[in-house]
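Enquirer: The structure file input.pdb (PDB, C-alpha atoms) is provided below.
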```pdb
ATOM      1  CA  MET A 242     -25.985 -53.175 -15.209
ATOM      2  CA  ASN A 243     -28.978 -52.442 -17.439
ATOM      3  CA  SER A 244     -31.074 -54.982 -15.562
ATOM      4  CA  ILE A 245     -30.258 -53.227 -12.263
ATOM      5  CA  PHE A 246     -31.463 -49.907 -13.695
ATOM      6  CA  SER A 247     -34.599 -51.424 -15.192
ATOM      7  CA  ARG A 248     -35.370 -53.223 -11.928
ATOM      8  CA  TRP A 249     -35.117 -49.967  -9.940
ATOM      9  CA  ARG A 250     -36.858 -47.826 -12.566
ATOM     10  CA  PRO A 251     -40.118 -46.248 -11.309
ATOM     11  CA  ARG A 252     -43.156 -48.125 -12.621
ATOM     12  CA  SER A 253     -45.520 -45.146 -12.522
ATOM     13  CA  PRO A 254     -45.550 -41.325 -12.287
ATOM     14  CA  THR A 255     -46.445 -41.718  -8.590
ATOM     15  CA  GLN A 256     -43.274 -43.714  -7.918
ATOM     16  CA  ALA A 257     -41.260 -41.176  -9.950
ATOM     17  CA  TRP A 258     -42.717 -38.307  -7.881
ATOM     18  CA  LEU A 259     -41.897 -40.043  -4.576
ATOM     19  CA  LEU A 260     -38.371 -40.778  -5.805
ATOM     20  CA  LEU A 261     -37.952 -37.129  -6.846
ATOM     21  CA  LEU A 262     -38.939 -35.937  -3.360
ATOM     22  CA  LEU A 263     -36.571 -38.466  -1.792
ATOM     23  CA  LEU A 264     -33.661 -37.401  -4.040
ATOM     24  CA  THR A 265     -34.356 -33.729  -3.235
ATOM     25  CA  LEU A 266     -34.124 -34.450   0.496
ATOM     26  CA  ALA A 267     -30.981 -36.542  -0.025
ATOM     27  CA  CYS A 268     -29.370 -33.812  -2.138
ATOM     28  CA  LEU A 269     -30.035 -31.098   0.433
ATOM     29  CA  SER A 270     -29.056 -33.256   3.420
ATOM     30  CA  ILE A 271     -25.694 -34.117   1.857
ATOM     31  CA  ALA A 272     -25.082 -30.488   0.920
ATOM     32  CA  VAL A 273     -25.973 -29.107   4.371
ATOM     33  CA  LEU A 274     -24.026 -31.765   6.306
ATOM     34  CA  GLU A 275     -20.878 -31.505   4.164
ATOM     35  CA  ARG A 276     -21.065 -27.789   3.347
ATOM     36  CA  GLY A 277     -17.938 -26.926   1.326
ATOM     37  CA  VAL A 278     -15.806 -29.620   2.914
ATOM     38  CA  LEU A 279     -15.335 -32.335   0.319
ATOM     39  CA  PRO A 280     -15.097 -32.023  -3.497
ATOM     40  CA  TRP A 281     -17.064 -35.225  -4.102
ATOM     41  CA  VAL A 282     -20.117 -33.556  -2.544
ATOM     42  CA  GLY A 283     -20.273 -31.330  -5.634
ATOM     43  CA  TRP A 284     -20.025 -34.385  -7.889
ATOM     44  CA  LEU A 285     -22.768 -36.130  -5.922
ATOM     45  CA  VAL A 286     -25.035 -33.056  -6.137
ATOM     46  CA  ALA A 287     -24.365 -32.963  -9.908
ATOM     47  CA  ALA A 288     -25.287 -36.648 -10.265
ATOM     48  CA  LEU A 289     -28.465 -36.195  -8.223
ATOM     49  CA  VAL A 290     -29.641 -33.143 -10.179
ATOM     50  CA  TRP A 291     -29.047 -34.992 -13.459
ATOM     51  CA  LEU A 292     -31.008 -37.987 -12.165
ATOM     52  CA  LYS A 293     -33.901 -35.781 -11.007
ATOM     53  CA  ALA A 294     -34.048 -33.886 -14.312
ATOM     54  CA  ARG A 295     -33.949 -37.227 -16.148
ATOM     55  CA  LEU A 296     -36.935 -38.460 -14.110
ATOM     56  CA  VAL A 297     -38.926 -35.295 -14.890
ATOM     57  CA  LEU A 298     -38.083 -35.561 -18.600
ATOM     58  CA  THR A 299     -39.084 -39.222 -18.737
ATOM     59  CA  TYR A 300     -42.146 -39.415 -16.486
ATOM     60  CA  TYR A 301     -43.562 -35.879 -16.506
ATOM     61  CA  LEU A 302     -42.593 -34.423 -19.889
ATOM     62  CA  GLU A 303     -42.993 -37.728 -21.828
ATOM     63  CA  ILE A 304     -39.831 -36.852 -23.731
ATOM     64  CA  ALA A 305     -39.807 -40.239 -25.517
ATOM     65  CA  GLU A 306     -42.884 -39.095 -27.460
ATOM     66  CA  ALA A 307     -41.344 -35.767 -28.544
ATOM     67  CA  THR A 308     -39.891 -34.974 -31.975
ATOM     68  CA  PRO A 309     -36.241 -36.188 -32.135
ATOM     69  CA  VAL A 310     -34.762 -32.682 -32.339
ATOM     70  CA  PHE A 311     -36.616 -31.537 -29.188
ATOM     71  CA  ARG A 312     -35.715 -34.815 -27.473
ATOM     72  CA  ARG A 313     -31.986 -34.325 -28.168
ATOM     73  CA  LEU A 314     -32.016 -30.665 -27.098
ATOM     74  CA  ALA A 315     -33.802 -31.502 -23.827
ATOM     75  CA  TRP A 316     -31.330 -34.302 -23.019
ATOM     76  CA  ALA A 317     -28.442 -31.919 -23.788
ATOM     77  CA  PHE A 318     -29.912 -29.218 -21.525
ATOM     78  CA  ILE A 319     -30.076 -31.464 -18.471
ATOM     79  CA  VAL A 320     -26.439 -32.536 -18.924
ATOM     80  CA  LEU A 321     -24.903 -29.043 -19.172
ATOM     81  CA  THR A 322     -25.411 -27.818 -15.607
ATOM     82  CA  PRO A 323     -24.310 -31.085 -13.919
ATOM     83  CA  LEU A 324     -21.150 -31.100 -16.084
ATOM     84  CA  ALA A 325     -20.382 -27.496 -15.133
ATOM     85  CA  LEU A 326     -20.986 -28.412 -11.461
ATOM     86  CA  VAL A 327     -18.505 -31.295 -11.717
ATOM     87  CA  ALA A 328     -15.919 -28.986 -13.329
ATOM     88  CA  THR A 329     -16.503 -26.289 -10.686
ATOM     89  CA  ALA A 330     -16.193 -28.740  -7.780
ATOM     90  CA  TRP A 331     -12.939 -30.039  -9.299
ATOM     91  CA  LEU A 332     -11.543 -26.525  -9.889
ATOM     92  CA  GLU A 333     -12.456 -25.299  -6.404
ATOM     93  CA  ALA A 334     -10.992 -28.410  -4.765
ATOM     94  CA  GLY A 335      -7.644 -27.897  -6.500
TER      95      GLY A 335
ATOM     96  CA  MET B 189     -71.511 -51.882 -53.446
ATOM     97  CA  ASP B 190     -72.384 -48.211 -53.142
ATOM     98  CA  ALA B 191     -73.410 -48.775 -49.538
ATOM     99  CA  LEU B 192     -69.833 -49.888 -48.726
ATOM    100  CA  ALA B 193     -68.223 -46.850 -50.337
ATOM    101  CA  PRO B 194     -67.042 -44.291 -47.744
ATOM    102  CA  THR B 195     -69.213 -41.185 -47.591
ATOM    103  CA  PRO B 196     -67.617 -37.744 -47.164
ATOM    104  CA  SER B 197     -68.936 -37.521 -43.593
ATOM    105  CA  ALA B 198     -67.583 -40.989 -42.682
ATOM    106  CA  HIS B 199     -64.205 -39.915 -44.016
ATOM    107  CA  LEU B 200     -64.283 -36.812 -41.800
ATOM    108  CA  ASP B 201     -65.228 -38.929 -38.774
ATOM    109  CA  ASP B 202     -62.199 -41.163 -39.383
ATOM    110  CA  ALA B 203     -59.974 -38.106 -39.653
ATOM    111  CA  ASP B 204     -61.289 -36.796 -36.309
ATOM    112  CA  ALA B 205     -60.700 -40.145 -34.606
ATOM    113  CA  GLN B 206     -57.030 -40.182 -35.703
ATOM    114  CA  PRO B 207     -55.285 -36.991 -34.583
ATOM    115  CA  ALA B 208     -52.935 -35.576 -37.234
ATOM    116  CA  ASP B 209     -50.071 -35.326 -34.728
ATOM    117  CA  PRO B 210     -50.023 -37.985 -32.000
ATOM    118  CA  ARG B 211     -47.155 -36.285 -30.130
ATOM    119  CA  PRO B 212     -48.065 -34.552 -26.845
ATOM    120  CA  GLY B 213     -48.688 -30.789 -26.993
ATOM    121  CA  TYR B 214     -48.361 -28.211 -29.768
ATOM    122  CA  THR B 215     -45.083 -27.982 -31.716
ATOM    123  CA  GLY B 216     -45.121 -24.255 -30.907
ATOM    124  CA  MET B 217     -44.983 -25.046 -27.190
ATOM    125  CA  TRP B 218     -42.005 -27.364 -27.712
ATOM    126  CA  VAL B 219     -40.242 -24.557 -29.611
ATOM    127  CA  GLY B 220     -41.127 -22.239 -26.720
ATOM    128  CA  ILE B 221     -39.647 -24.486 -24.050
ATOM    129  CA  MET B 222     -36.493 -25.012 -26.128
ATOM    130  CA  ALA B 223     -36.193 -21.195 -26.197
ATOM    131  CA  GLU B 224     -36.646 -21.217 -22.398
ATOM    132  CA  PHE B 225     -33.874 -23.838 -22.087
ATOM    133  CA  ALA B 226     -31.604 -21.708 -24.317
ATOM    134  CA  GLU B 227     -32.356 -18.609 -22.231
ATOM    135  CA  PHE B 228     -31.510 -20.364 -18.960
ATOM    136  CA  THR B 229     -28.391 -21.932 -20.487
ATOM    137  CA  VAL B 230     -27.112 -18.372 -20.989
ATOM    138  CA  PHE B 231     -28.061 -17.535 -17.375
ATOM    139  CA  PHE B 232     -26.213 -20.629 -16.130
ATOM    140  CA  VAL B 233     -23.121 -19.528 -18.071
ATOM    141  CA  VAL B 234     -23.398 -16.185 -16.241
ATOM    142  CA  TYR B 235     -23.619 -18.084 -12.910
ATOM    143  CA  PHE B 236     -20.529 -20.208 -13.600
ATOM    144  CA  VAL B 237     -18.446 -17.323 -14.967
ATOM    145  CA  ALA B 238     -19.314 -15.287 -11.848
ATOM    146  CA  ARG B 239     -18.612 -18.278  -9.595
ATOM    147  CA  TRP B 240     -15.240 -19.003 -11.198
ATOM    148  CA  ASN B 241     -14.295 -15.336 -10.697
ATOM    149  CA  TYR B 242     -15.593 -14.981  -7.119
ATOM    150  CA  PRO B 243     -15.565 -18.490  -5.557
ATOM    151  CA  GLU B 244     -15.314 -17.174  -1.972
ATOM    152  CA  VAL B 245     -18.285 -14.830  -2.430
ATOM    153  CA  PHE B 246     -20.406 -17.739  -3.689
ATOM    154  CA  ARG B 247     -19.298 -20.032  -0.841
ATOM    155  CA  ASP B 248     -20.136 -17.365   1.751
ATOM    156  CA  GLY B 249     -23.420 -16.370   0.127
ATOM    157  CA  ALA B 250     -25.135 -19.728  -0.333
ATOM    158  CA  PRO B 251     -25.437 -20.668   3.386
ATOM    159  CA  ARG B 252     -27.187 -17.305   4.026
ATOM    160  CA  LEU B 253     -30.130 -18.256   1.790
ATOM    161  CA  TRP B 254     -33.366 -19.679   3.203
ATOM    162  CA  THR B 255     -32.582 -23.367   2.593
ATOM    163  CA  LEU B 256     -35.985 -24.562   3.857
ATOM    164  CA  GLY B 257     -37.664 -22.150   1.417
ATOM    165  CA  GLY B 258     -35.660 -23.627  -1.476
ATOM    166  CA  LEU B 259     -36.645 -27.123  -0.376
ATOM    167  CA  LEU B 260     -40.342 -26.190  -0.088
ATOM    168  CA  ILE B 261     -40.383 -24.520  -3.533
ATOM    169  CA  THR B 262     -38.824 -27.691  -4.993
ATOM    170  CA  CYS B 263     -41.513 -29.858  -3.354
ATOM    171  CA  VAL B 264     -44.243 -27.515  -4.642
ATOM    172  CA  MET B 265     -42.891 -27.601  -8.220
ATOM    173  CA  LEU B 266     -42.485 -31.393  -8.227
ATOM    174  CA  THR B 267     -45.895 -32.019  -6.650
ATOM    175  CA  SER B 268     -47.876 -29.643  -8.880
ATOM    176  CA  GLY B 269     -46.070 -31.206 -11.865
ATOM    177  CA  TYR B 270     -47.078 -34.671 -10.683
ATOM    178  CA  LEU B 271     -50.727 -33.583 -10.243
ATOM    179  CA  LEU B 272     -50.634 -32.177 -13.789
ATOM    180  CA  VAL B 273     -49.389 -35.539 -15.084
ATOM    181  CA  ARG B 274     -52.369 -37.202 -13.365
ATOM    182  CA  ALA B 275     -54.761 -34.597 -14.837
ATOM    183  CA  VAL B 276     -53.438 -35.307 -18.352
ATOM    184  CA  LEU B 277     -53.729 -39.093 -17.863
ATOM    185  CA  ALA B 278     -57.283 -38.754 -16.511
ATOM    186  CA  ALA B 279     -58.382 -36.500 -19.397
ATOM    187  CA  ARG B 280     -56.848 -38.899 -21.946
ATOM    188  CA  ALA B 281     -58.938 -41.700 -20.386
ATOM    189  CA  ASP B 282     -61.993 -39.372 -20.502
ATOM    190  CA  GLN B 283     -62.293 -39.508 -16.705
ATOM    191  CA  GLN B 284     -63.623 -35.973 -16.481
ATOM    192  CA  ARG B 285     -64.315 -35.894 -12.744
ATOM    193  CA  ALA B 286     -60.831 -37.181 -11.895
ATOM    194  CA  ALA B 287     -59.252 -34.731 -14.370
ATOM    195  CA  ARG B 288     -61.041 -31.816 -12.670
ATOM    196  CA  GLY B 289     -59.767 -32.914  -9.237
ATOM    197  CA  TRP B 290     -56.145 -33.452 -10.329
ATOM    198  CA  MET B 291     -56.088 -30.173 -12.286
ATOM    199  CA  LEU B 292     -57.495 -28.138  -9.414
ATOM    200  CA  GLY B 293     -54.950 -29.792  -7.111
ATOM    201  CA  ALA B 294     -52.104 -28.867  -9.497
ATOM    202  CA  LEU B 295     -53.239 -25.232  -9.569
ATOM    203  CA  LEU B 296     -53.681 -24.946  -5.795
ATOM    204  CA  VAL B 297     -50.293 -26.531  -5.049
ATOM    205  CA  GLY B 298     -48.680 -24.376  -7.764
ATOM    206  CA  LEU B 299     -50.120 -21.240  -6.152
ATOM    207  CA  ALA B 300     -48.024 -21.994  -3.072
ATOM    208  CA  TYR B 301     -44.964 -20.930  -5.103
ATOM    209  CA  PRO B 302     -45.772 -17.163  -5.126
ATOM    210  CA  VAL B 303     -46.535 -17.377  -1.401
ATOM    211  CA  LEU B 304     -43.198 -19.080  -0.700
ATOM    212  CA  LYS B 305     -41.390 -16.576  -2.921
ATOM    213  CA  TRP B 306     -42.917 -13.694  -0.981
ATOM    214  CA  LEU B 307     -41.863 -15.329   2.327
ATOM    215  CA  GLU B 308     -38.377 -15.955   0.934
ATOM    216  CA  ILE B 309     -37.901 -12.321  -0.090
ATOM    217  CA  ASP B 310     -39.150 -11.258   3.345
ATOM    218  CA  TRP B 311     -36.673 -13.660   4.979
ATOM    219  CA  ASN B 312     -33.859 -12.400   2.737
ATOM    220  CA  ARG B 313     -34.526  -8.778   3.705
ATOM    221  CA  ALA B 314     -34.399  -9.681   7.395
ATOM    222  CA  HIS B 315     -31.099 -11.567   6.938
ATOM    223  CA  GLY B 316     -29.294  -9.014   4.757
ATOM    224  CA  VAL B 317     -29.563 -10.920   1.469
ATOM    225  CA  ILE B 318     -29.809  -7.788  -0.687
ATOM    226  CA  ALA B 319     -29.462  -7.712  -4.503
ATOM    227  CA  GLY B 320     -26.353  -5.784  -5.504
ATOM    228  CA  ASP B 321     -24.471  -6.424  -2.254
ATOM    229  CA  SER B 322     -22.395  -9.197  -3.852
ATOM    230  CA  ALA B 323     -21.981 -11.047  -7.148
ATOM    231  CA  PHE B 324     -23.684 -14.074  -5.602
ATOM    232  CA  TYR B 325     -26.802 -12.194  -4.465
ATOM    233  CA  THR B 326     -27.090 -10.402  -7.803
ATOM    234  CA  VAL B 327     -26.923 -13.659  -9.771
ATOM    235  CA  TYR B 328     -29.251 -15.377  -7.264
ATOM    236  CA  TYR B 329     -31.938 -12.677  -7.559
ATOM    237  CA  TYR B 330     -31.602 -12.377 -11.332
ATOM    238  CA  LEU B 331     -32.007 -16.091 -11.985
ATOM    239  CA  THR B 332     -34.628 -16.932  -9.347
ATOM    240  CA  ILE B 333     -36.851 -13.905 -10.123
ATOM    241  CA  ASN B 334     -36.572 -14.777 -13.818
ATOM    242  CA  HIS B 335     -37.695 -18.316 -13.009
ATOM    243  CA  PHE B 336     -40.531 -16.932 -10.897
ATOM    244  CA  MET B 337     -41.728 -14.820 -13.857
ATOM    245  CA  HIS B 338     -41.794 -17.923 -16.079
ATOM    246  CA  SER B 339     -43.724 -19.777 -13.375
ATOM    247  CA  ALA B 340     -46.181 -16.868 -13.003
ATOM    248  CA  TRP B 341     -47.023 -17.156 -16.722
ATOM    249  CA  GLY B 342     -47.414 -20.906 -16.180
ATOM    250  CA  LEU B 343     -49.796 -20.324 -13.256
ATOM    251  CA  LEU B 344     -51.905 -17.935 -15.355
ATOM    252  CA  GLY B 345     -52.093 -20.596 -18.072
ATOM    253  CA  MET B 346     -52.889 -23.229 -15.459
ATOM    254  CA  GLY B 347     -55.782 -21.092 -14.190
ATOM    255  CA  TRP B 348     -57.278 -20.883 -17.687
ATOM    256  CA  ILE B 349     -56.743 -24.587 -18.400
ATOM    257  CA  THR B 350     -58.328 -25.492 -15.019
ATOM    258  CA  TYR B 351     -61.435 -23.538 -16.041
ATOM    259  CA  ARG B 352     -61.477 -25.342 -19.415
ATOM    260  CA  VAL B 353     -61.042 -28.752 -17.734
ATOM    261  CA  TRP B 354     -64.052 -27.950 -15.539
ATOM    262  CA  THR B 355     -66.112 -27.226 -18.676
ATOM    263  CA  GLY B 356     -65.145 -30.668 -20.044
ATOM    264  CA  ALA B 357     -63.158 -29.203 -22.945
ATOM    265  CA  TYR B 358     -60.498 -31.942 -22.973
ATOM    266  CA  GLY B 359     -60.737 -35.650 -23.659
ATOM    267  CA  PRO B 360     -59.463 -38.287 -26.076
ATOM    268  CA  GLY B 361     -58.442 -36.627 -29.361
ATOM    269  CA  ARG B 362     -58.643 -33.082 -27.950
ATOM    270  CA  MET B 363     -55.719 -32.927 -25.546
ATOM    271  CA  LYS B 364     -53.282 -30.443 -27.137
ATOM    272  CA  PRO B 365     -53.965 -27.349 -24.947
ATOM    273  CA  LEU B 366     -53.837 -29.330 -21.687
ATOM    274  CA  GLU B 367     -50.718 -31.234 -22.785
ATOM    275  CA  SER B 368     -49.027 -27.991 -23.880
ATOM    276  CA  MET B 369     -49.731 -26.379 -20.516
ATOM    277  CA  ALA B 370     -48.278 -29.444 -18.756
ATOM    278  CA  ILE B 371     -45.175 -29.427 -20.998
ATOM    279  CA  TYR B 372     -44.528 -25.775 -20.151
ATOM    280  CA  TRP B 373     -44.874 -26.394 -16.410
ATOM    281  CA  HIS B 374     -42.589 -29.451 -16.468
ATOM    282  CA  ALA B 375     -39.917 -27.472 -18.368
ATOM    283  CA  THR B 376     -40.120 -24.757 -15.707
ATOM    284  CA  ASP B 377     -39.827 -27.543 -13.134
ATOM    285  CA  ILE B 378     -36.578 -28.819 -14.723
ATOM    286  CA  VAL B 379     -35.122 -25.295 -14.724
ATOM    287  CA  TRP B 380     -35.945 -24.981 -10.999
ATOM    288  CA  LEU B 381     -34.171 -28.286 -10.239
ATOM    289  CA  MET B 382     -31.024 -26.771 -11.797
ATOM    290  CA  LEU B 383     -31.423 -23.521  -9.835
ATOM    291  CA  PHE B 384     -31.963 -25.464  -6.621
ATOM    292  CA  SER B 385     -28.692 -27.318  -7.128
ATOM    293  CA  LEU B 386     -26.789 -24.107  -7.989
ATOM    294  CA  PHE B 387     -27.983 -21.919  -5.107
ATOM    295  CA  TYR B 388     -29.130 -24.160  -2.259
ATOM    296  CA  ALA B 389     -27.388 -27.527  -2.616
ATOM    297  CA  PHE B 390     -23.976 -26.737  -4.175
ATOM    298  CA  VAL B 391     -21.855 -24.691  -1.818
TER     299      VAL B 391
END
```
Hey, can you dump this file as structure tokens for me?
Expert:
Amino acid sequence: MNSIFSRWRPRSPTQAWLLLLLLTLACLSIAVLERGVLPWVGWLVAALVWLKARLVLTYYLEIAEATPVFRRLAWAFIVLTPLALVATAWLEAG
Amino acid sequence: MDALAPTPSAHLDDADAQPADPRPGYTGMWVGIMAEFAEFTVFFVVYFVARWNYPEVFRDGAPRLWTLGGLLITCVMLTSGYLLVRAVLAARADQQRAARGWMLGALLVGLAYPVLKWLEIDWNRAHGVIAGDSAFYTVYYYLTINHFMHSAWGLLGMGWITYRVWTGAYGPGRMKPLESMAIYWHATDIVWLMLFSLFYAFV
């Protein structure tokens, strides 16, 4: 599994930027096409936003070079909203 | 033997060559962006509490927003952030001409955000998206205008840093102000990605 992720990991900030634009288009397309119909759309949007924020943290913000306390807080911040989105999609589907 | 002993000036030169803190940006800027993250965490709690109380209002409100505007603002934030990354990398490599080009590009692309915001508010007025009309619109305006204010400060900083890049102020061993500016902009970028998912993508 790790080798799959490392194989598909962007090799440069340019690749990360292109991937971010692609994920943004994918996120919006899914949301517009499936507007409020299926609960898994919310989970998919949550996964995509987490992935995009992770790319920005890694390739733009150089979070690996930050002091550990700032690194942990930043990682925690990008998890909170996606988790709340997953919970909301689940609650509204039920 | 005396000739090999380090002189006070040689010692100072060594100290200049090795920055005291090799981490990107000022610690103060990292504290600042953590405060920004904490502030927006509270705003996101407000969003979810409002959404859990008025789910229908949020479902009806989101499709009325200017989706293309949200998409364009996202592209502007991501692209200006990318150009900033390139400016930082160029300055670190002491490629001054390239750094000037990337930095100017980042500023110009970033300046599209206020233009898009103005168009979005104009569009909202024409389509009845008025603050105070519903819980969704109130939360939407409060969070997005707040983000715009943070970005406006970032653009002011970017303007100053662009001027400094053009004077050749940054290079190896003197990167902190440019890196700090970039860190601030990328943090604002991450906050926008969250807002985009909450208002435009998650219905």
Enquirer: Provide as a VMD selection string the residues of chain B at most 10 Å from chain A, counting all atoms listed in the file.
Expert: chain B and resid 210 to 213 215 218 to 219 221 to 222 225 to 226 228 to 229 232 to 233 236 239 to 240 243 to 244 247 to 248 250 to 251 255 to 256 258 to 259 262 to 263 266 to 267 269 to 274 367 to 368 370 to 375 377 to 386 388 to 391
Enquirer: Counting all atoms listed in the file, figure out which residue out of B:Asp209, B:Met265, B:Thr376, B:Gly356 gets nearest to Gln283 of chain B.
Expert: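 Distance minimum relative to Gln283 of chain B lands on B:Gly356.
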Enquirer: Do you have the atom CA of Met363 of chain B-atom CA of Ser339 of chain B distance handy?
Expert: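 Result for atom CA of Met363 of chain B versus atom CA of Ser339 of chain B: 21.6 Å, one decimal.
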Enquirer: Figure out the distance between atom CA of Ser322 of chain B and atom CA of Arg252 of chain B, please, to one decimal in Å.
Expert: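 Going from atom CA of Arg252 of chain B over to atom CA of Ser322 of chain B, I get 12.3 Å.
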Enquirer: Starting from the displayed file, determine the output of the PyMOL selection byres ((chain B and resi 282) around 8) and express the residue list as an mmCIF file with C-alpha atoms, in the coordinates of the input.
Expert:
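Everything below was put into out16.cif:
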```
data_model
loop_
_atom_site.group_PDB
_atom_site.id
_atom_site.type_symbol
_atom_site.label_atom_id
_atom_site.label_comp_id
_atom_site.auth_asym_id
_atom_site.auth_seq_id
_atom_site.Cartn_x
_atom_site.Cartn_y
_atom_site.Cartn_z
ATOM 1 C CA ALA B 278 -57.283 -38.754 -16.511
ATOM 2 C CA ALA B 279 -58.382 -36.500 -19.397
ATOM 3 C CA ARG B 280 -56.848 -38.899 -21.946
ATOM 4 C CA ALA B 281 -58.938 -41.700 -20.386
ATOM 5 C CA GLN B 283 -62.293 -39.508 -16.705
ATOM 6 C CA GLN B 284 -63.623 -35.973 -16.481
ATOM 7 C CA TYR B 358 -60.498 -31.942 -22.973
ATOM 8 C CA GLY B 359 -60.737 -35.650 -23.659
ATOM 9 C CA PRO B 360 -59.463 -38.287 -26.076
#
```
Enquirer: Complete the atom set of segment 295-306 of chain A to N, CA, C and O atoms and return it as an mmCIF file, in the coordinates of the input.
Expert:
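So the final result, stored in selection07.cif, reads:
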```
data_model
loop_
_atom_site.group_PDB
_atom_site.id
_atom_site.type_symbol
_atom_site.label_atom_id
_atom_site.label_comp_id
_atom_site.auth_asym_id
_atom_site.auth_seq_id
_atom_site.Cartn_x
_atom_site.Cartn_y
_atom_site.Cartn_z
ATOM 1 N N ARG A 295 -33.672 -36.084 -15.271
ATOM 2 C CA ARG A 295 -33.949 -37.227 -16.148
ATOM 3 C C ARG A 295 -35.325 -37.836 -15.820
ATOM 4 O O ARG A 295 -36.089 -38.185 -16.723
ATOM 5 N N LEU A 296 -35.626 -37.928 -14.526
ATOM 6 C CA LEU A 296 -36.935 -38.460 -14.110
ATOM 7 C C LEU A 296 -38.076 -37.553 -14.584
ATOM 8 O O LEU A 296 -39.105 -38.034 -15.062
ATOM 9 N N VAL A 297 -37.875 -36.235 -14.446
ATOM 10 C CA VAL A 297 -38.926 -35.295 -14.890
ATOM 11 C C VAL A 297 -39.108 -35.384 -16.408
ATOM 12 O O VAL A 297 -40.238 -35.426 -16.905
ATOM 13 N N LEU A 298 -37.990 -35.446 -17.130
ATOM 14 C CA LEU A 298 -38.083 -35.561 -18.600
ATOM 15 C C LEU A 298 -38.836 -36.825 -19.008
ATOM 16 O O LEU A 298 -39.683 -36.806 -19.894
ATOM 17 N N THR A 299 -38.527 -37.927 -18.341
ATOM 18 C CA THR A 299 -39.084 -39.222 -18.737
ATOM 19 C C THR A 299 -40.538 -39.385 -18.305
ATOM 20 O O THR A 299 -41.383 -39.764 -19.120
ATOM 21 N N TYR A 300 -40.821 -39.085 -17.039
ATOM 22 C CA TYR A 300 -42.146 -39.415 -16.486
ATOM 23 C C TYR A 300 -43.138 -38.260 -16.518
ATOM 24 O O TYR A 300 -44.335 -38.492 -16.537
ATOM 25 N N TYR A 301 -42.648 -37.028 -16.481
ATOM 26 C CA TYR A 301 -43.562 -35.879 -16.506
ATOM 27 C C TYR A 301 -43.717 -35.351 -17.946
ATOM 28 O O TYR A 301 -44.823 -35.164 -18.438
ATOM 29 N N LEU A 302 -42.585 -35.089 -18.572
ATOM 30 C CA LEU A 302 -42.593 -34.423 -19.889
ATOM 31 C C LEU A 302 -42.846 -35.389 -21.049
ATOM 32 O O LEU A 302 -43.080 -34.948 -22.163
ATOM 33 N N GLU A 303 -42.802 -36.693 -20.792
ATOM 34 C CA GLU A 303 -42.993 -37.728 -21.828
ATOM 35 C C GLU A 303 -42.065 -37.461 -23.028
ATOM 36 O O GLU A 303 -42.500 -37.435 -24.168
ATOM 37 N N ILE A 304 -40.791 -37.257 -22.707
ATOM 38 C CA ILE A 304 -39.831 -36.852 -23.731
ATOM 39 C C ILE A 304 -39.669 -37.909 -24.835
ATOM 40 O O ILE A 304 -39.344 -37.579 -25.975
ATOM 41 N N ALA A 305 -39.933 -39.171 -24.512
ATOM 42 C CA ALA A 305 -39.807 -40.239 -25.517
ATOM 43 C C ALA A 305 -40.780 -40.040 -26.676
ATOM 44 O O ALA A 305 -40.537 -40.533 -27.785
ATOM 45 N N GLU A 306 -41.881 -39.318 -26.413
ATOM 46 C CA GLU A 306 -42.884 -39.095 -27.460
ATOM 47 C C GLU A 306 -42.599 -37.837 -28.276
ATOM 48 O O GLU A 306 -43.310 -37.567 -29.253
#
```
